[in-house]
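For reference, target_14.txt is printed below; it contains compact mmCIF, C-alpha atoms.
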# COMPACT_ATOMS: atom_id res chain seq x y z
CA MET A 34 137.99 137.40 -137.65
CA TRP A 35 134.64 138.03 -139.34
CA VAL A 36 136.06 140.93 -141.38
CA HIS A 37 139.08 138.79 -142.29
CA GLU A 38 136.76 136.08 -143.61
CA ALA A 39 134.53 138.59 -145.41
CA VAL A 40 137.47 140.06 -147.32
CA ARG A 41 138.66 136.55 -148.17
CA LEU A 42 135.23 135.64 -149.56
CA ILE A 43 135.13 138.70 -151.81
CA GLU A 44 138.69 138.21 -153.03
CA ALA A 45 138.05 134.52 -153.68
CA ASP A 46 134.94 135.43 -155.65
CA ALA A 47 137.02 137.82 -157.79
CA ARG A 48 139.66 135.17 -158.47
CA ARG A 49 137.00 132.74 -159.66
CA SER A 50 135.93 135.32 -162.23
CA ALA A 51 137.86 135.77 -165.47
CA ASP A 52 138.45 139.26 -166.87
CA THR A 53 135.73 140.66 -169.11
CA HIS A 54 136.15 140.46 -172.88
CA LEU A 55 137.26 143.26 -175.20
CA LEU A 56 135.24 142.95 -178.41
CA ARG A 57 136.03 144.49 -181.79
CA TYR A 58 133.00 146.30 -183.19
CA PRO A 59 132.75 145.70 -186.95
CA LEU A 60 133.37 148.87 -188.97
CA PRO A 61 133.36 149.13 -192.80
CA SER A 62 136.89 148.64 -194.11
CA ALA A 63 136.41 151.05 -197.05
CA TRP A 64 135.46 154.13 -195.02
CA CYS A 65 138.71 156.01 -195.20
CA ASP A 66 141.34 155.78 -197.92
CA GLY A 67 144.70 155.52 -196.20
CA CYS A 68 143.52 155.44 -192.59
CA ASP A 69 142.66 152.56 -190.28
CA LEU A 70 140.01 152.98 -187.58
CA GLN A 71 139.10 150.47 -184.90
CA LEU A 72 136.30 150.46 -182.29
CA TYR A 73 136.33 148.19 -179.23
CA LEU A 74 133.70 147.36 -176.62
CA LYS A 75 134.72 146.34 -173.10
CA ASP A 76 131.99 143.75 -172.41
CA GLU A 77 131.01 144.14 -168.76
CA THR A 78 127.97 141.86 -169.11
CA THR A 79 130.15 138.84 -168.38
CA HIS A 80 130.37 139.70 -164.68
CA ILE A 81 128.33 137.31 -162.54
CA THR A 82 125.72 140.02 -161.86
CA GLY A 83 125.69 141.06 -165.50
CA SER A 84 126.91 144.66 -165.56
CA LEU A 85 129.71 147.17 -165.12
CA LYS A 86 128.40 147.86 -161.60
CA HIS A 87 129.78 144.52 -160.35
CA ARG A 88 133.24 146.11 -160.20
CA LEU A 89 131.89 149.08 -158.25
CA ALA A 90 129.96 146.95 -155.78
CA ARG A 91 133.02 144.82 -155.03
CA SER A 92 135.14 147.92 -154.43
CA LEU A 93 132.49 149.55 -152.23
CA PHE A 94 132.21 146.46 -150.00
CA LEU A 95 135.98 146.11 -149.62
CA TYR A 96 136.25 149.83 -148.86
CA ALA A 97 133.56 149.66 -146.18
CA LEU A 98 134.95 146.47 -144.65
CA CYS A 99 138.50 147.81 -144.45
CA ASN A 100 137.26 151.11 -143.00
CA GLY A 101 135.50 149.22 -140.20
CA TRP A 102 132.01 150.27 -141.29
CA ILE A 103 130.59 146.74 -141.77
CA ASP A 104 130.49 143.81 -139.38
CA GLU A 105 128.51 140.58 -139.14
CA ASN A 106 125.42 142.40 -137.83
CA THR A 107 125.28 145.24 -140.37
CA THR A 108 122.34 145.88 -142.66
CA ILE A 109 123.56 147.29 -145.98
CA ILE A 110 121.56 150.21 -147.42
CA GLU A 111 121.92 151.75 -150.89
CA ALA A 112 120.14 154.42 -152.91
CA SER A 113 119.73 152.59 -156.24
CA SER A 114 117.03 151.13 -158.42
CA GLY A 115 119.35 149.61 -160.99
CA SER A 116 122.42 147.54 -161.64
CA THR A 117 124.37 148.78 -158.60
CA ALA A 118 121.66 147.46 -156.29
CA VAL A 119 121.66 144.10 -158.11
CA SER A 120 125.42 143.74 -157.66
CA GLU A 121 125.44 144.99 -154.06
CA ALA A 122 122.65 142.58 -153.17
CA TYR A 123 124.87 139.79 -154.51
CA PHE A 124 127.83 140.77 -152.30
CA ALA A 125 125.62 141.27 -149.25
CA ALA A 126 124.25 137.74 -149.73
CA LEU A 127 127.80 136.43 -150.15
CA LEU A 128 128.60 137.81 -146.68
CA GLY A 129 125.26 136.76 -145.15
CA LEU A 130 124.11 140.36 -144.63
CA PRO A 131 120.66 141.87 -145.25
CA PHE A 132 120.46 144.40 -148.10
CA ILE A 133 117.89 147.15 -148.72
CA ALA A 134 117.75 149.18 -151.94
CA VAL A 135 115.97 152.53 -151.68
CA MET A 136 114.30 153.49 -154.96
CA PRO A 137 111.42 155.45 -156.49
CA SER A 138 108.04 153.71 -156.52
CA SER A 139 108.06 154.05 -160.34
CA THR A 140 110.90 151.52 -160.68
CA SER A 141 110.07 148.80 -163.21
CA ALA A 142 108.97 145.39 -161.99
CA SER A 143 111.81 143.72 -163.91
CA LYS A 144 114.45 145.75 -162.02
CA ILE A 145 112.80 145.00 -158.68
CA ALA A 146 112.77 141.30 -159.56
CA LEU A 147 116.51 141.35 -160.40
CA ILE A 148 117.37 142.90 -157.02
CA GLU A 149 115.13 140.46 -155.15
CA SER A 150 116.60 137.51 -157.08
CA GLN A 151 119.95 138.33 -155.44
CA GLY A 152 118.39 138.38 -151.99
CA GLY A 153 117.84 142.12 -151.70
CA ARG A 154 114.77 143.96 -150.39
CA CYS A 155 113.32 147.04 -152.06
CA HIS A 156 112.15 150.12 -150.13
CA PHE A 157 110.17 152.73 -152.07
CA VAL A 158 109.92 156.52 -151.97
CA ALA A 159 107.58 158.78 -153.92
CA GLU A 160 110.21 160.95 -155.64
CA SER A 161 113.70 160.07 -156.90
CA SER A 162 115.18 163.07 -155.03
CA GLN A 163 114.16 161.44 -151.73
CA VAL A 164 116.37 158.35 -152.07
CA TYR A 165 119.47 159.85 -150.43
CA ALA A 166 117.83 161.09 -147.24
CA GLU A 167 115.70 157.97 -146.93
CA ALA A 168 118.76 155.71 -147.26
CA GLU A 169 120.47 157.67 -144.49
CA ARG A 170 117.36 157.47 -142.31
CA LEU A 171 117.07 153.70 -142.80
CA ALA A 172 120.73 153.19 -141.96
CA GLU A 173 120.28 155.12 -138.71
CA GLU A 174 117.03 153.31 -137.87
CA THR A 175 118.49 149.83 -138.44
CA GLY A 176 121.98 150.52 -137.15
CA GLY A 177 123.12 149.66 -140.65
CA HIS A 178 125.51 151.19 -143.17
CA TYR A 179 124.52 153.42 -146.09
CA ILE A 180 127.15 152.32 -148.62
CA ASP A 181 126.57 155.49 -150.73
CA GLN A 182 127.82 154.74 -154.23
CA PHE A 183 127.49 158.38 -155.29
CA THR A 184 130.01 159.61 -152.71
CA ASN A 185 132.34 156.63 -152.43
CA ALA A 186 132.64 155.37 -156.03
CA GLU A 187 135.73 157.40 -156.94
CA ARG A 188 137.56 156.79 -153.67
CA ALA A 189 136.75 153.10 -153.23
CA THR A 190 138.36 152.02 -156.53
CA ASP A 191 142.13 151.57 -156.76
CA TRP A 192 142.66 153.88 -159.76
CA ARG A 193 146.39 153.19 -160.08
CA GLY A 194 145.79 149.64 -161.24
CA ASN A 195 145.17 146.35 -159.41
CA ASN A 196 143.24 145.04 -162.43
CA ASN A 197 140.76 147.89 -162.43
CA ILE A 198 138.82 148.51 -165.64
CA ALA A 199 141.38 151.00 -166.98
CA GLU A 200 144.37 148.72 -166.48
CA SER A 201 142.39 145.85 -168.01
CA ILE A 202 141.57 147.87 -171.15
CA PHE A 203 145.18 148.88 -171.81
CA GLU A 204 146.47 145.36 -171.12
CA GLN A 205 143.94 143.83 -173.54
CA MET A 206 144.77 146.45 -176.19
CA ARG A 207 148.50 145.73 -176.01
CA ASP A 208 148.75 143.62 -179.20
CA GLU A 209 146.23 145.54 -181.30
CA ALA A 210 147.19 147.64 -184.34
CA HIS A 211 146.62 150.83 -182.33
CA PRO A 212 147.28 149.70 -178.76
CA VAL A 213 146.95 153.13 -177.10
CA PRO A 214 143.40 154.35 -177.78
CA ASP A 215 142.88 157.89 -179.05
CA TRP A 216 139.72 158.04 -176.95
CA ILE A 217 137.96 156.10 -174.22
CA VAL A 218 134.23 156.88 -174.05
CA VAL A 219 132.13 156.30 -170.93
CA GLY A 220 128.92 157.55 -169.37
CA ALA A 221 128.65 158.91 -165.84
CA GLY A 222 126.22 157.64 -163.23
CA THR A 223 128.18 157.94 -160.02
CA GLY A 224 131.20 159.31 -161.86
CA GLY A 225 133.39 156.53 -160.46
CA THR A 226 134.26 154.90 -163.79
CA SER A 227 135.26 158.16 -165.47
CA ALA A 228 137.30 159.13 -162.40
CA THR A 229 139.14 155.80 -162.39
CA ILE A 230 139.90 155.82 -166.12
CA GLY A 231 140.82 159.51 -166.24
CA ARG A 232 143.20 159.21 -163.30
CA TYR A 233 144.78 156.04 -164.69
CA ILE A 234 145.41 157.68 -168.09
CA ARG A 235 147.31 160.51 -166.40
CA TYR A 236 149.13 158.23 -163.98
CA ARG A 237 150.41 156.04 -166.83
CA ARG A 238 151.08 159.12 -169.03
CA HIS A 239 149.08 157.81 -171.97
CA ARG A 240 148.09 160.16 -174.81
CA THR A 241 144.54 158.77 -174.61
CA ARG A 242 141.76 161.29 -174.00
CA LEU A 243 138.59 160.66 -172.01
CA CYS A 244 135.16 161.55 -173.39
CA VAL A 245 132.13 161.39 -171.07
CA VAL A 246 128.72 161.10 -172.74
CA ASP A 247 125.69 162.42 -170.89
CA PRO A 248 121.95 161.90 -171.49
CA GLU A 249 119.23 164.52 -171.42
CA ASN A 250 118.19 166.01 -168.05
CA SER A 251 121.54 165.21 -166.44
CA ALA A 252 123.43 167.74 -164.32
CA PHE A 253 126.89 166.50 -165.27
CA PHE A 254 127.27 168.25 -168.65
CA PRO A 255 126.07 171.71 -167.58
CA ALA A 256 128.26 171.45 -164.47
CA TYR A 257 131.26 170.58 -166.68
CA ALA A 258 130.50 173.33 -169.20
CA GLN A 259 129.91 176.01 -166.56
CA GLY A 260 132.60 174.94 -164.11
CA ARG A 261 130.04 174.54 -161.33
CA GLY A 262 129.31 171.80 -158.82
CA ASP A 263 125.89 172.99 -157.69
CA VAL A 264 123.85 172.32 -160.85
CA VAL A 265 120.49 170.65 -160.20
CA THR A 266 118.12 169.73 -163.04
CA GLY A 267 115.17 168.54 -160.98
CA MET A 268 114.59 165.74 -163.49
CA SER A 269 115.77 162.13 -163.67
CA SER A 270 117.55 160.70 -166.68
CA ARG A 271 115.51 158.41 -168.92
CA ILE A 272 118.64 156.40 -169.78
CA GLU A 273 119.08 153.97 -166.92
CA GLY A 274 122.46 153.77 -165.21
CA ILE A 275 123.81 157.16 -166.31
CA GLY A 276 122.91 160.82 -165.83
CA ARG A 277 121.91 162.35 -162.50
CA PRO A 278 119.63 165.23 -161.42
CA ARG A 279 122.49 166.64 -159.31
CA VAL A 280 126.30 166.61 -159.54
CA GLU A 281 127.41 163.60 -157.52
CA PRO A 282 130.51 163.86 -155.29
CA SER A 283 132.31 161.11 -157.24
CA PHE A 284 132.17 163.00 -160.55
CA LEU A 285 135.57 164.60 -161.21
CA PRO A 286 135.35 167.01 -164.17
CA GLY A 287 139.08 167.72 -164.03
CA VAL A 288 139.94 164.29 -165.48
CA VAL A 289 137.53 164.64 -168.42
CA ASP A 290 138.79 165.94 -171.79
CA ARG A 291 135.43 166.29 -173.51
CA MET A 292 131.74 165.87 -172.72
CA VAL A 293 129.00 165.20 -175.26
CA VAL A 294 125.25 165.39 -174.69
CA VAL A 295 123.41 162.54 -176.41
CA PRO A 296 119.66 162.80 -177.08
CA ASP A 297 117.76 159.99 -175.34
CA ALA A 298 116.19 158.84 -178.61
CA ALA A 299 119.69 158.63 -180.13
CA SER A 300 120.80 156.38 -177.25
CA VAL A 301 117.85 154.08 -177.95
CA ALA A 302 118.53 154.07 -181.69
CA ALA A 303 122.21 153.24 -181.15
CA ALA A 304 121.40 150.45 -178.66
CA ARG A 305 118.98 148.88 -181.13
CA HIS A 306 121.38 149.35 -184.05
CA ALA A 307 124.30 147.78 -182.16
CA SER A 308 122.07 144.92 -181.03
CA ARG A 309 121.42 144.04 -184.68
CA VAL A 310 125.10 144.37 -185.61
CA LEU A 311 126.32 142.27 -182.67
CA GLY A 312 123.49 139.74 -182.72
CA ARG A 313 122.71 140.39 -179.04
CA ARG A 314 120.84 143.06 -177.13
CA VAL A 315 122.81 145.83 -175.45
CA GLY A 316 121.43 148.26 -172.87
CA PRO A 317 120.54 151.91 -173.45
CA SER A 318 123.64 153.36 -171.76
CA THR A 319 125.74 151.31 -174.18
CA GLY A 320 123.80 153.07 -176.93
CA THR A 321 124.81 156.42 -175.38
CA ASN A 322 128.44 155.30 -175.31
CA LEU A 323 128.34 154.18 -178.94
CA TRP A 324 126.72 157.39 -180.14
CA GLY A 325 129.62 159.32 -178.65
CA ALA A 326 132.20 156.87 -180.02
CA PHE A 327 130.73 157.03 -183.54
CA GLY A 328 131.02 160.82 -183.51
CA LEU A 329 134.69 160.65 -182.52
CA LEU A 330 135.43 158.06 -185.19
CA ALA A 331 133.82 160.32 -187.80
CA GLU A 332 136.05 163.20 -186.65
CA MET A 333 139.13 161.00 -186.97
CA MET A 334 138.10 159.86 -190.43
CA THR A 335 137.50 163.43 -191.60
CA ALA A 336 141.00 164.30 -190.38
CA GLY A 337 142.45 161.25 -192.16
CA ARG A 338 143.77 159.83 -188.90
CA SER A 339 144.21 156.17 -188.01
CA GLY A 340 143.63 154.98 -184.47
CA SER A 341 141.33 153.28 -181.99
CA VAL A 342 138.41 154.17 -179.75
CA VAL A 343 137.29 152.09 -176.75
CA THR A 344 133.93 152.23 -175.00
CA LEU A 345 131.89 150.06 -172.65
CA LEU A 346 129.15 147.49 -173.15
CA ALA A 347 127.71 148.26 -169.74
CA ASP A 348 124.86 145.74 -169.44
CA SER A 349 122.60 143.48 -171.46
CA GLY A 350 119.61 144.79 -173.36
CA ASP A 351 117.64 141.76 -172.20
CA ARG A 352 117.05 143.68 -168.97
CA TYR A 353 115.09 146.25 -171.00
CA ALA A 354 112.89 144.02 -173.16
CA ASP A 355 109.73 145.68 -171.80
CA THR A 356 111.09 149.25 -172.02
CA TYR A 357 113.73 150.41 -174.51
CA PHE A 358 113.12 147.46 -176.83
CA CYS A 359 109.33 147.86 -176.66
CA ASP A 360 107.84 150.26 -179.23
CA GLU A 361 104.72 150.90 -177.15
CA TRP A 362 106.79 151.91 -174.14
CA LEU A 363 108.94 154.26 -176.23
CA THR A 364 105.81 155.94 -177.57
CA SER A 365 104.48 156.38 -174.03
CA GLN A 366 107.77 158.11 -173.14
CA GLY A 367 107.66 160.38 -176.18
CA LEU A 368 110.78 158.80 -177.66
CA ASP A 369 110.99 158.51 -181.45
CA ALA A 370 114.26 156.88 -182.49
CA SER A 371 113.51 156.71 -186.22
CA GLU A 372 115.43 159.84 -187.27
CA PHE A 373 118.52 158.77 -185.35
CA ALA A 374 118.22 155.22 -186.69
CA SER A 375 118.43 156.65 -190.22
CA GLU A 376 121.54 158.62 -189.26
CA LEU A 377 123.18 155.44 -188.00
CA VAL A 378 122.46 153.62 -191.26
CA GLU A 379 124.07 156.49 -193.19
CA PHE A 380 127.04 156.55 -190.80
CA GLU A 381 127.55 152.83 -191.27
CA ARG A 382 127.47 153.29 -195.05
CA SER A 383 129.62 156.37 -195.44
CA GLY A 384 131.20 157.27 -192.09
CA ARG A 385 129.56 160.72 -192.28
CA TRP A 386 128.15 162.22 -189.10
CA SER A 387 125.63 165.04 -189.06
Represent the structure of the file as structure tokens.
Amino acid sequence: MWVHEAVRLIEADARRSADTHLLRYPLPSAWCDGCDLQLYLKDETTHITGSLKHRLARSLFLYALCNGWIDENTTIIEASSGSTAVSEAYFAALLGLPFIAVMPSSTSASKIALIESQGGRCHFVAESSQVYAEAERLAEETGGHYIDQFTNAERATDWRGNNNIAESIFEQMRDEAHPVPDWIVVGAGTGGTSATIGRYIRYRRHRTRLCVVDPENSAFFPAYAQGRGDVVTGMSSRIEGIGRPRVEPSFLPGVVDRMVVVPDAASVAAARHASRVLGRRVGPSTGTNLWGAFGLLAEMMTAGRSGSVVTLLADSGDRYADTYFCDEWLTSQGLDASEFASELVEFERSGRWS
């Protein structure tokens, strides 16, 4: 009966939430003589916990509940210092369960505060590589459940539809000038979003291709390029929410049509540029997405092709006011976005891409 009620609470919460918006990103109308290009942003900030990870957290909780892994006495454990932990803390609180996020001690105070504001507790380790084993140890010690986003993301989401993010994008695009996108561009953190979208594209037999953008120091691109699953970089990504030091189990390279490495400073420049264009701050992973999308649009324009590209507005830049939107912090990280900012201005003017 408790599981029955827990599933009802999560489903009722979903029904109270409207679908997220699909925004048109303004592009110059005079770029390409004879071709029409459109760029769209799926705005995931409108979820109640403010990010794309709200969808993942909901799916992970339903998956664990229906597998019999969670009951009324279960402590929920996750290895996350970011948006996934914020969203999972929300769902744990909804069910009246304790939640512990395992994270590096270097995690910013603002991220810790967001997790704690949803009722979660933060548990720290010295190195980011230690989060997995420590989450497993805590789950065993407490008799809890390690929800493990990195393993379960691709299998917990219903990729055939059921109002997942892929189905939502194609439904919202239905009445646009180019309703079937040429490309959908996403980053990979767990790999769950790219797996869901890539599978859905094939299941529905769309001509859309999937491009995954990857930040510096991430294992996903070299694993994709080399056809290996054992790549380890030994370094964490500086772009929060995407990129991993190892290839996570939920990353499925077989559903990806192209991968693009985006310099971290370019991600920052694109996030700041888009924030000015949209009149609202967007997070750094959205900058990574946009950098990849801009490159694809430039290719299409060079080829004289009309069409559409869709990418994700993953979370709000307001979460990063003291980091990616702070010049002093960028300098301390050795990030100089000025060169890439100039490229974006030229791209906006001419559509040319270096």
Within 12 Å of stretch 70-78 of chain A: each stretch 350-382 of chain A residue with its shortest pair, all atoms listed in the file, as CSV:
residue,atom,partner,partner_atom,distance
A:Gly350,CA,A:Thr78,CA,9.8
A:Asp351,CA,A:Thr78,CA,10.8
A:Arg352,CA,A:Thr78,CA,11.1
Next item on the list: Write out as a ChimeraX atom specification which residues come within 10 Å of A:Met206 when counting all atoms listed in the file, dropping same-chain ones fewer than 6 positions away.
Entry: /A:55,73,200,212-214,341,343
Using only C-alpha atoms, what table do you get, as a tab-separated table, when you list each residue of stretch 108-223 of chain A with an atom no more than 9 Å from stretch 247-267 of chain A, its nearest pair of atoms, and their distance in Å rounded to one decimal, rows by chain then rising number?
residue	atom	partner	partner_atom	distance
A:Ser162	CA	A:Gly267	CA	8.1
A:Val219	CA	A:Asp247	CA	8.9
A:Gly220	CA	A:Asp247	CA	6.0
A:Ala221	CA	A:Asp247	CA	6.8
Taken to one decimal, the atom CA of A:Ala168-atom CA of A:Leu128 distance is 20.4 Å
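Minimum atom-to-atom distance to A:Thr184, evaluated using all atoms listed in the file, belongs to A:Ala112 out of A:Ile81, A:Cys68, A:Val36, A:Ala112.
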A:Met136 proximity check over A:Ser283, A:Gln163, A:Ser371, A:Thr79, using all atoms listed in the file: winner is A:Gln163
Show me, as a ChimeraX atom specification, the residues that have an atom within 10 Å of stretch 376-383 of chain A when counting only C-alpha atoms, minus same-chain residues fewer than 2 positions from it.
/A:59-61,63-65,299,302-303,306-307,324,327-328,331,371-374,385-387
Counting only C-alpha atoms, closest pick from A:Arg188, A:Glu169, A:Gly224, A:Gly325 relative to A:Arg291 is A:Gly325
Could you give me, as a PDB file with C-alpha atoms, in the frame of the given file, the residues that sit within 12 Å of (141.5, 151.2, -154.3) in the file's coordinates, counting all atoms listed in the file?
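Output contents, as saved in result_32.pdb:
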ATOM      1  CA  ARG A  88     133.240 146.110-160.200  1.00  0.00           C
ATOM      2  CA  LEU A  89     131.890 149.080-158.250  1.00  0.00           C
ATOM      3  CA  ARG A  91     133.020 144.820-155.030  1.00  0.00           C
ATOM      4  CA  SER A  92     135.140 147.920-154.430  1.00  0.00           C
ATOM      5  CA  LEU A  93     132.490 149.550-152.230  1.00  0.00           C
ATOM      6  CA  PHE A  94     132.210 146.460-150.000  1.00  0.00           C
ATOM      7  CA  LEU A  95     135.980 146.110-149.620  1.00  0.00           C
ATOM      8  CA  TYR A  96     136.250 149.830-148.860  1.00  0.00           C
ATOM      9  CA  ALA A  97     133.560 149.660-146.180  1.00  0.00           C
ATOM     10  CA  CYS A  99     138.500 147.810-144.450  1.00  0.00           C
ATOM     11  CA  ASN A 185     132.340 156.630-152.430  1.00  0.00           C
ATOM     12  CA  ALA A 186     132.640 155.370-156.030  1.00  0.00           C
ATOM     13  CA  GLU A 187     135.730 157.400-156.940  1.00  0.00           C
ATOM     14  CA  ARG A 188     137.560 156.790-153.670  1.00  0.00           C
ATOM     15  CA  ALA A 189     136.750 153.100-153.230  1.00  0.00           C
ATOM     16  CA  THR A 190     138.360 152.020-156.530  1.00  0.00           C
ATOM     17  CA  ASP A 191     142.130 151.570-156.760  1.00  0.00           C
ATOM     18  CA  TRP A 192     142.660 153.880-159.760  1.00  0.00           C
ATOM     19  CA  ARG A 193     146.390 153.190-160.080  1.00  0.00           C
ATOM     20  CA  GLY A 194     145.790 149.640-161.240  1.00  0.00           C
ATOM     21  CA  ASN A 195     145.170 146.350-159.410  1.00  0.00           C
ATOM     22  CA  ASN A 196     143.240 145.040-162.430  1.00  0.00           C
ATOM     23  CA  ASN A 197     140.760 147.890-162.430  1.00  0.00           C
ATOM     24  CA  ILE A 198     138.820 148.510-165.640  1.00  0.00           C
ATOM     25  CA  GLY A 225     133.390 156.530-160.460  1.00  0.00           C
ATOM     26  CA  THR A 229     139.140 155.800-162.390  1.00  0.00           C
ATOM     27  CA  TYR A 233     144.780 156.040-164.690  1.00  0.00           C
TER      28      TYR A 233
END
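Of the listed residues A:Val164, A:Val293, A:Leu42, A:Ala118, the one whose atoms come nearest to A:Lys144 is A:Ala118, with distances taken using only C-alpha atoms.
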